[in-house]
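target_19.txt (compact mmCIF, C-alpha atoms)
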# COMPACT_ATOMS: atom_id res chain seq x y z
CA MET A 1 -27.26 3.67 -8.73
CA LYS A 2 -25.09 0.71 -7.82
CA THR A 3 -22.92 0.79 -4.71
CA ALA A 4 -20.17 -1.62 -3.77
CA VAL A 5 -19.62 -1.98 -0.04
CA ILE A 6 -16.01 -3.08 0.23
CA ILE A 7 -14.77 -4.85 3.36
CA PRO A 8 -11.10 -5.79 3.54
CA CYS A 9 -10.60 -8.54 6.06
CA PHE A 10 -7.77 -10.43 7.62
CA ASN A 11 -8.64 -13.00 10.28
CA GLU A 12 -12.10 -11.66 11.11
CA GLN A 13 -13.95 -14.98 11.41
CA ASP A 14 -15.81 -13.92 14.57
CA THR A 15 -17.10 -10.59 13.33
CA ILE A 16 -17.39 -10.72 9.56
CA CYS A 17 -20.81 -12.38 9.44
CA SER A 18 -22.35 -9.89 11.88
CA VAL A 19 -20.87 -7.04 9.83
CA ILE A 20 -22.51 -8.49 6.72
CA ASP A 21 -25.82 -8.93 8.60
CA ASP A 22 -25.60 -5.33 9.78
CA ILE A 23 -25.17 -4.07 6.21
CA LEU A 24 -27.98 -6.20 4.78
CA ASN A 25 -30.38 -5.29 7.61
CA ASN A 26 -29.74 -1.59 7.09
CA MET A 27 -30.13 -1.62 3.32
CA PRO A 28 -32.82 0.78 2.09
CA GLU A 29 -35.20 -1.04 -0.25
CA ASN A 30 -34.69 1.17 -3.27
CA GLU A 31 -30.92 0.85 -3.10
CA ASP A 32 -28.72 -1.54 -5.04
CA ARG A 33 -25.84 -2.39 -2.74
CA GLN A 34 -23.46 -5.26 -3.29
CA ILE A 35 -21.14 -6.40 -0.51
CA VAL A 36 -17.62 -7.16 -1.70
CA VAL A 37 -15.40 -8.85 0.87
CA VAL A 38 -11.69 -9.01 0.16
CA ASN A 39 -10.05 -11.85 2.06
CA ASP A 40 -6.41 -10.84 2.53
CA CYS A 41 -5.17 -14.40 2.87
CA SER A 42 -6.64 -14.98 6.34
CA THR A 43 -5.17 -17.83 8.30
CA ASP A 44 -8.36 -18.56 10.25
CA ASN A 45 -11.80 -19.65 8.99
CA THR A 46 -12.76 -16.29 7.48
CA LEU A 47 -12.95 -17.68 3.94
CA ALA A 48 -15.05 -20.67 5.00
CA GLU A 49 -17.43 -18.39 6.90
CA LEU A 50 -17.80 -16.19 3.83
CA GLU A 51 -18.44 -19.11 1.51
CA LYS A 52 -21.03 -20.51 3.91
CA ASP A 53 -22.71 -17.11 4.06
CA GLY A 54 -23.11 -16.97 0.30
CA ARG A 55 -24.62 -13.46 0.10
CA VAL A 56 -21.45 -11.62 -0.78
CA ILE A 57 -18.91 -11.32 -3.57
CA ILE A 58 -15.66 -12.88 -2.33
CA LEU A 59 -12.34 -11.68 -3.64
CA ASP A 60 -9.80 -14.13 -2.31
CA LEU A 61 -6.20 -12.89 -2.48
CA PRO A 62 -3.56 -15.59 -3.01
CA CYS A 63 -1.05 -13.81 -0.75
CA ASN A 64 -1.27 -11.26 2.03
CA LEU A 65 -1.01 -7.72 0.64
CA GLY A 66 -1.91 -5.61 3.68
CA VAL A 67 -4.98 -3.40 4.02
CA GLY A 68 -4.06 -1.06 1.17
CA GLY A 69 -3.61 -3.80 -1.41
CA ALA A 70 -6.76 -5.58 -0.25
CA VAL A 71 -8.92 -2.47 -0.45
CA GLN A 72 -7.53 -1.70 -3.87
CA THR A 73 -8.64 -5.13 -5.09
CA GLY A 74 -12.18 -4.17 -4.08
CA PHE A 75 -11.85 -0.86 -5.92
CA LYS A 76 -10.72 -2.65 -9.06
CA TYR A 77 -13.71 -4.96 -8.84
CA ALA A 78 -16.12 -2.06 -8.36
CA TRP A 79 -14.58 -0.11 -11.22
CA LYS A 80 -14.60 -3.03 -13.66
CA ASN A 81 -18.18 -3.94 -12.81
CA ASN A 82 -19.47 -0.40 -13.34
CA PHE A 83 -20.48 0.46 -9.82
CA ASP A 84 -21.38 4.12 -9.36
CA PHE A 85 -20.14 4.38 -5.78
CA ALA A 86 -17.91 2.45 -3.44
CA VAL A 87 -18.02 2.48 0.34
CA LYS A 88 -15.19 1.02 2.34
CA LEU A 89 -15.60 -0.16 5.90
CA ASP A 90 -13.66 -2.34 8.33
CA GLY A 91 -14.43 -5.97 8.98
CA ASP A 92 -14.25 -5.67 12.76
CA GLY A 93 -17.66 -4.06 13.20
CA GLN A 94 -16.65 -0.59 14.36
CA HIS A 95 -18.33 1.14 11.44
CA ARG A 96 -22.11 1.23 11.58
CA ALA A 97 -23.92 0.13 8.46
CA ASP A 98 -26.79 2.55 9.10
CA CYS A 99 -24.31 5.37 8.45
CA ILE A 100 -23.51 4.17 4.90
CA SER A 101 -26.47 6.19 3.60
CA VAL A 102 -25.07 9.30 5.26
CA LEU A 103 -21.85 8.97 3.28
CA LEU A 104 -23.66 8.13 0.04
CA GLU A 105 -25.97 11.12 0.38
CA VAL A 106 -22.99 13.47 -0.01
CA LEU A 107 -21.89 11.68 -3.19
CA LYS A 108 -25.39 11.62 -4.65
CA ASN A 109 -25.76 15.37 -4.09
CA ASP A 110 -22.39 15.77 -5.79
CA GLU A 111 -21.02 17.74 -2.86
CA ALA A 112 -17.77 15.78 -2.85
CA ASP A 113 -15.90 13.00 -4.69
CA PHE A 114 -14.53 11.41 -1.58
CA VAL A 115 -16.28 11.27 1.79
CA ILE A 116 -14.80 10.38 5.17
CA GLY A 117 -16.93 9.11 8.02
CA SER A 118 -15.68 10.92 11.10
CA ARG A 119 -16.38 10.28 14.76
CA PHE A 120 -15.00 13.63 15.90
CA ILE A 121 -16.86 16.12 13.75
CA ASP A 122 -19.72 16.54 16.18
CA SER A 123 -19.24 18.07 19.61
CA ARG A 124 -21.88 15.68 20.90
CA LYS A 125 -19.18 13.06 21.51
CA GLU A 126 -21.48 10.18 20.83
CA GLY A 127 -20.29 6.68 20.27
CA PHE A 128 -16.80 5.30 20.63
CA GLN A 129 -14.11 8.00 20.82
CA SER A 130 -10.99 5.82 20.85
CA THR A 131 -8.14 5.74 23.34
CA PHE A 132 -6.06 8.70 24.55
CA LEU A 133 -2.93 7.65 22.68
CA ARG A 134 -4.79 7.18 19.46
CA ARG A 135 -6.51 10.54 19.84
CA ALA A 136 -3.13 12.20 20.31
CA GLY A 137 -1.89 10.53 17.13
CA ILE A 138 -5.00 11.66 15.31
CA LYS A 139 -4.39 15.28 16.37
CA PHE A 140 -0.83 15.07 15.12
CA PHE A 141 -1.89 13.77 11.72
CA ARG A 142 -4.68 16.31 11.42
CA LEU A 143 -2.15 19.09 11.93
CA LEU A 144 0.41 17.58 9.57
CA ILE A 145 -2.16 17.01 6.83
CA GLU A 146 -3.55 20.52 7.20
CA LEU A 147 -0.06 21.95 6.97
CA LEU A 148 0.73 20.06 3.78
CA SER A 149 -2.60 20.03 1.97
CA GLY A 150 -4.62 22.86 3.45
CA TYR A 151 -7.37 20.46 4.44
CA ALA A 152 -7.89 19.51 8.09
CA PRO A 153 -9.59 16.12 8.27
CA SER A 154 -11.44 15.73 11.57
CA ASP A 155 -10.74 11.98 11.69
CA PRO A 156 -7.69 11.28 9.49
CA THR A 157 -7.31 7.61 10.45
CA SER A 158 -10.95 6.67 9.92
CA GLY A 159 -11.30 3.80 7.48
CA PHE A 160 -14.98 4.52 6.83
CA ARG A 161 -14.95 6.14 3.40
CA ALA A 162 -16.98 6.55 0.25
CA TYR A 163 -15.92 7.20 -3.34
CA ASN A 164 -17.71 8.35 -6.47
CA ARG A 165 -16.69 6.95 -9.83
CA ALA A 166 -13.96 9.50 -10.51
CA ALA A 167 -12.36 8.89 -7.12
CA LEU A 168 -12.82 5.15 -7.58
CA LYS A 169 -10.97 5.14 -10.87
CA PHE A 170 -8.13 7.13 -9.38
CA ALA A 171 -7.91 4.76 -6.39
CA THR A 172 -7.63 1.68 -8.61
CA LEU A 173 -4.38 3.13 -9.91
CA HIS A 174 -2.90 5.18 -7.09
CA TYR A 175 -4.29 3.91 -3.78
CA PRO A 176 -1.49 3.76 -1.18
CA SER A 177 -0.96 0.05 -1.22
CA PHE A 178 1.02 -0.58 1.91
CA ASP A 179 -0.09 -0.76 5.55
CA TYR A 180 -2.13 2.03 7.16
CA PRO A 181 -3.08 3.94 4.01
CA GLU A 182 -5.78 6.20 5.49
CA PRO A 183 -4.01 9.48 6.41
CA GLU A 184 -1.81 9.28 3.32
CA GLU A 185 -4.84 8.85 1.09
CA ILE A 186 -6.33 12.17 2.19
CA VAL A 187 -3.21 14.08 1.10
CA LEU A 188 -3.11 12.14 -2.16
CA MET A 189 -6.75 12.81 -3.04
CA ARG A 190 -6.50 16.46 -2.06
CA LYS A 191 -3.32 16.90 -4.07
CA ASN A 192 -5.07 15.53 -7.12
CA ASN A 193 -7.95 17.96 -6.77
CA PHE A 194 -10.66 15.64 -5.50
CA ARG A 195 -13.32 17.27 -3.39
CA ILE A 196 -13.24 15.86 0.13
CA LYS A 197 -15.88 16.09 2.81
CA ASP A 198 -16.13 14.84 6.38
CA VAL A 199 -19.47 13.72 7.74
CA PHE A 200 -20.34 12.63 11.23
CA THR A 201 -20.77 8.90 11.73
CA GLU A 202 -21.11 7.26 15.08
CA MET A 203 -18.65 4.46 15.68
CA ARG A 204 -18.58 1.44 17.90
CA GLU A 205 -15.71 -0.13 19.71
CA ARG A 206 -14.37 -3.02 17.70
CA GLN A 207 -16.48 -6.14 18.13
CA GLY A 208 -13.60 -8.55 17.97
CA GLY A 209 -10.07 -9.07 16.74
CA VAL A 210 -7.14 -6.94 17.83
CA SER A 211 -6.37 -3.45 16.63
CA SER A 212 -3.82 -3.58 13.86
CA ILE A 213 -1.97 -0.95 15.91
CA SER A 214 -0.59 -2.25 19.19
CA LEU A 215 1.41 0.00 21.49
CA LEU A 216 4.62 -1.45 20.13
CA LYS A 217 3.65 -0.73 16.58
CA ALA A 218 2.54 2.81 17.37
CA VAL A 219 6.00 4.27 16.92
CA TYR A 220 6.46 2.49 13.62
CA TYR A 221 3.02 3.70 12.58
CA MET A 222 3.80 7.34 13.37
CA PHE A 223 7.06 7.28 11.45
CA LYS A 224 5.84 5.30 8.48
CA VAL A 225 2.65 7.28 8.01
CA GLY A 226 4.30 10.63 8.75
CA PHE A 227 7.03 9.93 6.25
CA ALA A 228 4.58 8.66 3.64
CA ILE A 229 2.49 11.82 4.01
CA LEU A 230 5.56 14.00 3.46
CA MET A 231 6.51 11.99 0.37
CA VAL A 232 3.02 12.13 -1.11
CA ALA A 233 2.93 15.88 -0.55
CA SER A 234 6.29 16.33 -2.26
CA ARG A 235 5.33 14.38 -5.38
CA PRO A 236 3.88 16.11 -8.43
CA ARG A 237 0.24 15.64 -9.28
CA GLU A 238 -0.60 12.40 -11.09
CA GLU A 239 -1.30 12.78 -14.79
CA ASP A 240 -4.87 11.56 -14.46
CA SER A 241 -5.85 13.89 -11.64
CA VAL A 242 -9.14 15.72 -11.99
CA MET B 1 55.20 -8.67 -8.18
CA ARG B 2 53.55 -11.72 -6.70
CA ILE B 3 50.58 -9.72 -5.39
CA GLN B 4 50.13 -8.21 -8.86
CA ILE B 5 49.91 -11.61 -10.52
CA ILE B 6 47.46 -12.82 -7.90
CA SER B 7 45.25 -9.75 -8.25
CA ILE B 8 45.27 -9.95 -12.06
CA ILE B 9 44.22 -13.62 -11.90
CA GLY B 10 41.67 -12.82 -9.20
CA SER B 11 40.03 -10.00 -11.12
CA LEU B 12 40.05 -12.04 -14.35
CA ILE B 13 38.23 -14.86 -12.55
CA PHE B 14 35.73 -12.35 -11.18
CA THR B 15 35.15 -10.81 -14.64
CA PHE B 16 34.67 -14.18 -16.31
CA PHE B 17 32.36 -15.35 -13.53
CA ILE B 18 30.09 -12.35 -14.13
CA LEU B 19 30.19 -12.93 -17.91
CA TYR B 20 29.49 -16.63 -17.37
CA LEU B 21 26.42 -15.85 -15.25
CA ILE B 22 25.09 -13.49 -17.93
CA ARG B 23 25.71 -16.04 -20.71
CA ARG B 24 23.92 -18.76 -18.76
CA LYS B 25 21.00 -16.31 -18.26
CA ARG B 26 21.40 -16.57 -14.51
CA LEU B 27 21.99 -12.82 -14.30
CA LYS B 28 20.06 -10.18 -16.22
CA GLU B 29 22.24 -7.81 -18.23
CA ALA B 30 20.37 -4.81 -16.85
CA TYR B 31 21.29 -5.74 -13.29
CA ALA B 32 24.88 -6.70 -14.11
CA LEU B 33 26.03 -3.21 -15.02
CA ILE B 34 27.42 -2.32 -11.61
CA TRP B 35 29.09 -5.74 -11.29
CA GLY B 36 30.67 -5.22 -14.70
CA ILE B 37 32.02 -1.79 -13.78
CA MET B 38 33.38 -3.27 -10.56
CA SER B 39 35.24 -6.05 -12.38
CA ILE B 40 36.77 -3.59 -14.86
CA PHE B 41 37.86 -1.42 -11.95
CA PHE B 42 39.58 -4.40 -10.32
CA LEU B 43 41.29 -5.32 -13.56
CA ILE B 44 42.66 -1.81 -14.12
CA LEU B 45 43.99 -1.59 -10.57
CA ALA B 46 45.60 -5.03 -10.84
CA CYS B 47 47.46 -4.14 -14.04
CA TRP B 48 48.37 -0.58 -13.13
CA VAL B 49 50.54 -0.94 -10.02
CA ASP B 50 50.80 2.74 -9.10
CA GLY B 51 47.20 3.41 -10.00
CA LEU B 52 45.93 3.19 -6.44
CA THR B 53 48.57 5.61 -5.13
CA PHE B 54 47.88 7.95 -8.04
CA VAL B 55 44.15 8.05 -7.39
CA SER B 56 44.72 8.41 -3.63
CA ASN B 57 46.97 11.43 -4.15
CA LEU B 58 44.42 12.87 -6.54
CA ILE B 59 41.60 12.85 -3.98
CA GLY B 60 43.85 13.51 -0.98
CA ILE B 61 43.87 10.17 0.80
CA PHE B 62 47.23 9.46 2.44
CA TYR B 63 46.82 5.76 3.07
CA ALA B 64 46.35 4.22 -0.39
CA PRO B 65 44.53 0.99 0.63
CA ALA B 66 41.83 3.17 2.24
CA THR B 67 40.91 4.30 -1.28
CA LEU B 68 40.32 0.70 -2.22
CA PHE B 69 37.99 0.17 0.75
CA LEU B 70 36.18 3.41 0.03
CA VAL B 71 35.50 2.45 -3.57
CA LEU B 72 34.44 -1.06 -2.56
CA LEU B 73 32.09 0.23 0.11
CA LEU B 74 30.49 2.77 -2.22
CA THR B 75 29.99 0.12 -4.89
CA VAL B 76 28.38 -2.25 -2.40
CA ILE B 77 26.06 0.51 -1.18
CA LEU B 78 25.09 1.31 -4.79
CA ILE B 79 24.34 -2.34 -5.43
CA MET B 80 22.20 -2.54 -2.28
CA ILE B 81 20.19 0.50 -3.36
CA GLN B 82 19.70 -1.10 -6.75
CA PHE B 83 18.39 -4.21 -4.97
CA SER B 84 15.92 -2.13 -2.94
CA VAL B 85 14.64 -0.52 -6.12
CA ILE B 86 14.24 -3.89 -7.81
CA ILE B 87 12.47 -5.34 -4.75
CA SER B 88 10.05 -2.40 -4.68
CA LEU B 89 9.27 -2.87 -8.36
CA GLN B 90 8.64 -6.55 -7.77
CA VAL B 91 6.36 -5.85 -4.80
CA ASN B 92 4.24 -3.72 -7.13
CA LYS B 93 4.13 -6.45 -9.72
CA ILE B 94 3.23 -9.12 -7.16
CA ARG B 95 0.47 -6.90 -5.83
CA ASN B 96 -1.02 -6.36 -9.26
CA LEU B 97 -0.79 -10.05 -10.10
CA SER B 98 -2.42 -11.08 -6.80
CA GLN B 99 -5.25 -8.62 -7.29
CA GLU B 100 -5.79 -9.74 -10.86
CA LEU B 101 -5.82 -13.36 -9.70
CA ALA B 102 -8.41 -12.66 -6.98
CA LEU B 103 -10.64 -10.92 -9.56
CA LEU B 104 -10.28 -13.80 -12.02
CA LYS B 105 -11.04 -16.38 -9.33
CA GLU B 106 -14.25 -14.56 -8.53
CA GLN B 107 -15.19 -14.37 -12.22
CA LEU B 108 -14.50 -18.06 -12.68
CA SER B 109 -16.60 -19.13 -9.71
CA ARG B 110 -19.45 -16.95 -10.98
CA LEU B 111 -19.23 -18.53 -14.46
CA GLU B 112 -19.24 -22.02 -12.94
CA LYS B 113 -22.28 -21.17 -10.86
CA ASP B 114 -24.11 -19.88 -13.95
CA LYS B 115 -23.33 -23.08 -15.82
CA LYS B 116 -24.96 -25.29 -13.19
Would you give me this structure, written as structure tokens?
Amino acid sequence: MKTAVIIPCFNEQDTICSVIDDILNNMPENEDRQIVVVNDCSTDNTLAELEKDGRVIILDLPCNLGVGGAVQTGFKYAWKNNFDFAVKLDGDGQHRADCISVLLEVLKNDEADFVIGSRFIDSRKEGFQSTFLRRAGIKFFRLLIELLSGYAPSDPTSGFRAYNRAALKFATLHYPSFDYPEPEEIVLMRKNNFRIKDVFTEMRERQGGVSSISLLKAVYYMFKVGFAILMVASRPREEDSV
Amino acid sequence: MRIQIISIIGSLIFTFFILYLIRRKRLKEAYALIWGIMSIFFLILACWVDGLTFVSNLIGIFYAPATLFLVLLLTVILIMIQFSVIISLQVNKIRNLSQELALLKEQLSRLEKDKK
């Protein structure tokens, strides 16, 4: 079983190497995991750091596509190179590599096609729980997504996700390719009959870099994502849905 | 009379300018449709003096020149929407090309490494 661990990154020179270390240090011995870093045209030394590191596959985009387009590049790589699973995590260190196995377990047991690592599923409230404003936004999206798709994701904006081969193939063609694709993707996958499951994963506060969502951008984020979710829900099923 | 001659000349220049751009391959035929319709509309109005008043009466606009502005505005809006659609299509194409390029770059560097 081959797994591609996809990390989209844009200006993550300070954290990317520790993220890679984290993944390699937490790799079970009998697992075949390949790290695929997608450099979304970073303007800092991210690419140089990656090349120096030498332990990862580097997909270097010639122009900045935004998270969605970058992640999709990783999916295309994983699909073309016959990986069985793909895990996607952020380059800022908030997703813990020791939780990758938790996500993969669900796929291996064939309990779902698409798994979301969630920090809210457990009442234990361990790890980083995010800011008040962000939590309010998350509640709003959970409600909206449940209303439109019948599925209530416990952590709709989490970027810590895993895909089996069917979901991977679908994502290479239909992944929301603009900014902030996460909530939209849940509606899309659900609409196209993929089995979704949330599992608890502890999260850290970001290790470096700035959140892609500043207070100023929050309003834009709510409108853009809310609107995109409505549009996805109103579209017919894709022809290649399962 | 003078305004009619001026508008006929003006709309002829406009029509030939559009045709010229298409002939020189500076403008794709598929995107020139709305411009073409617009130039024909100008030409008809320029030749048919009472046309504007006739159309205005037909749709219930009292001030005839307002009809002209209305039609112009609607045409411009249509063209802008067409531009948005074209831009969105091109964004998709650029995305696919960039992704393909990143994948090929990776493949190339792997092949070069294997060769050494």
For stretch 75-85 of chain A: contacts at 6 Å, all atoms listed in the file, fewer than 6 positions along chain excluded, given as a VMD selection string: chain A and resid 1 to 3 163 to 165 172
Can you tell me, as number ranges by chain, what residues are no more than 12 Å from A:Glu239 when counting all atoms listed in the file, ignoring any on the same chain fewer than 2 positions away? A: 170, 173-174, 191-193, 235-237, 241-242
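The list of residues with at least one atom within 10 Å of B:Leu97, based on all atoms listed in the file and without residues fewer than 6 positions apart in the same chain, reads Leu61 and Pro62 of chain A; Val91 and Leu103 of chain B.
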Taking all atoms of stretch 190-204 of chain A that the file lists and extending 3 Å past them on each side, where is the centre of the axis-aligned box and how long are its edges? Answer in Å to one decimal, as AutoDock Vina command-line options.
--center_x -12.2 --center_y 9.7 --center_z 5.4 --size_x 23.8 --size_y 22.5 --size_z 31.0
Write out as a list in words every residue belonging to chain B that has an atom at most 7 Å from any atom of chain A, counting all atoms listed in the file. Arg95, Ser98, Gln99, Ala102, Leu103 and Glu106 of chain B
Write out as a ChimeraX atom specification which residues come within 8 Å of stretch 227-233 of chain A when counting only C-alpha atoms, dropping same-chain ones fewer than 4 positions away. /A:145,148-149,183-184,187-188,191,223
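Atom pair atom CA of A:Leu24 / atom CA of A:Asp155 has a distance of 26.0 Å (rounded to one decimal).
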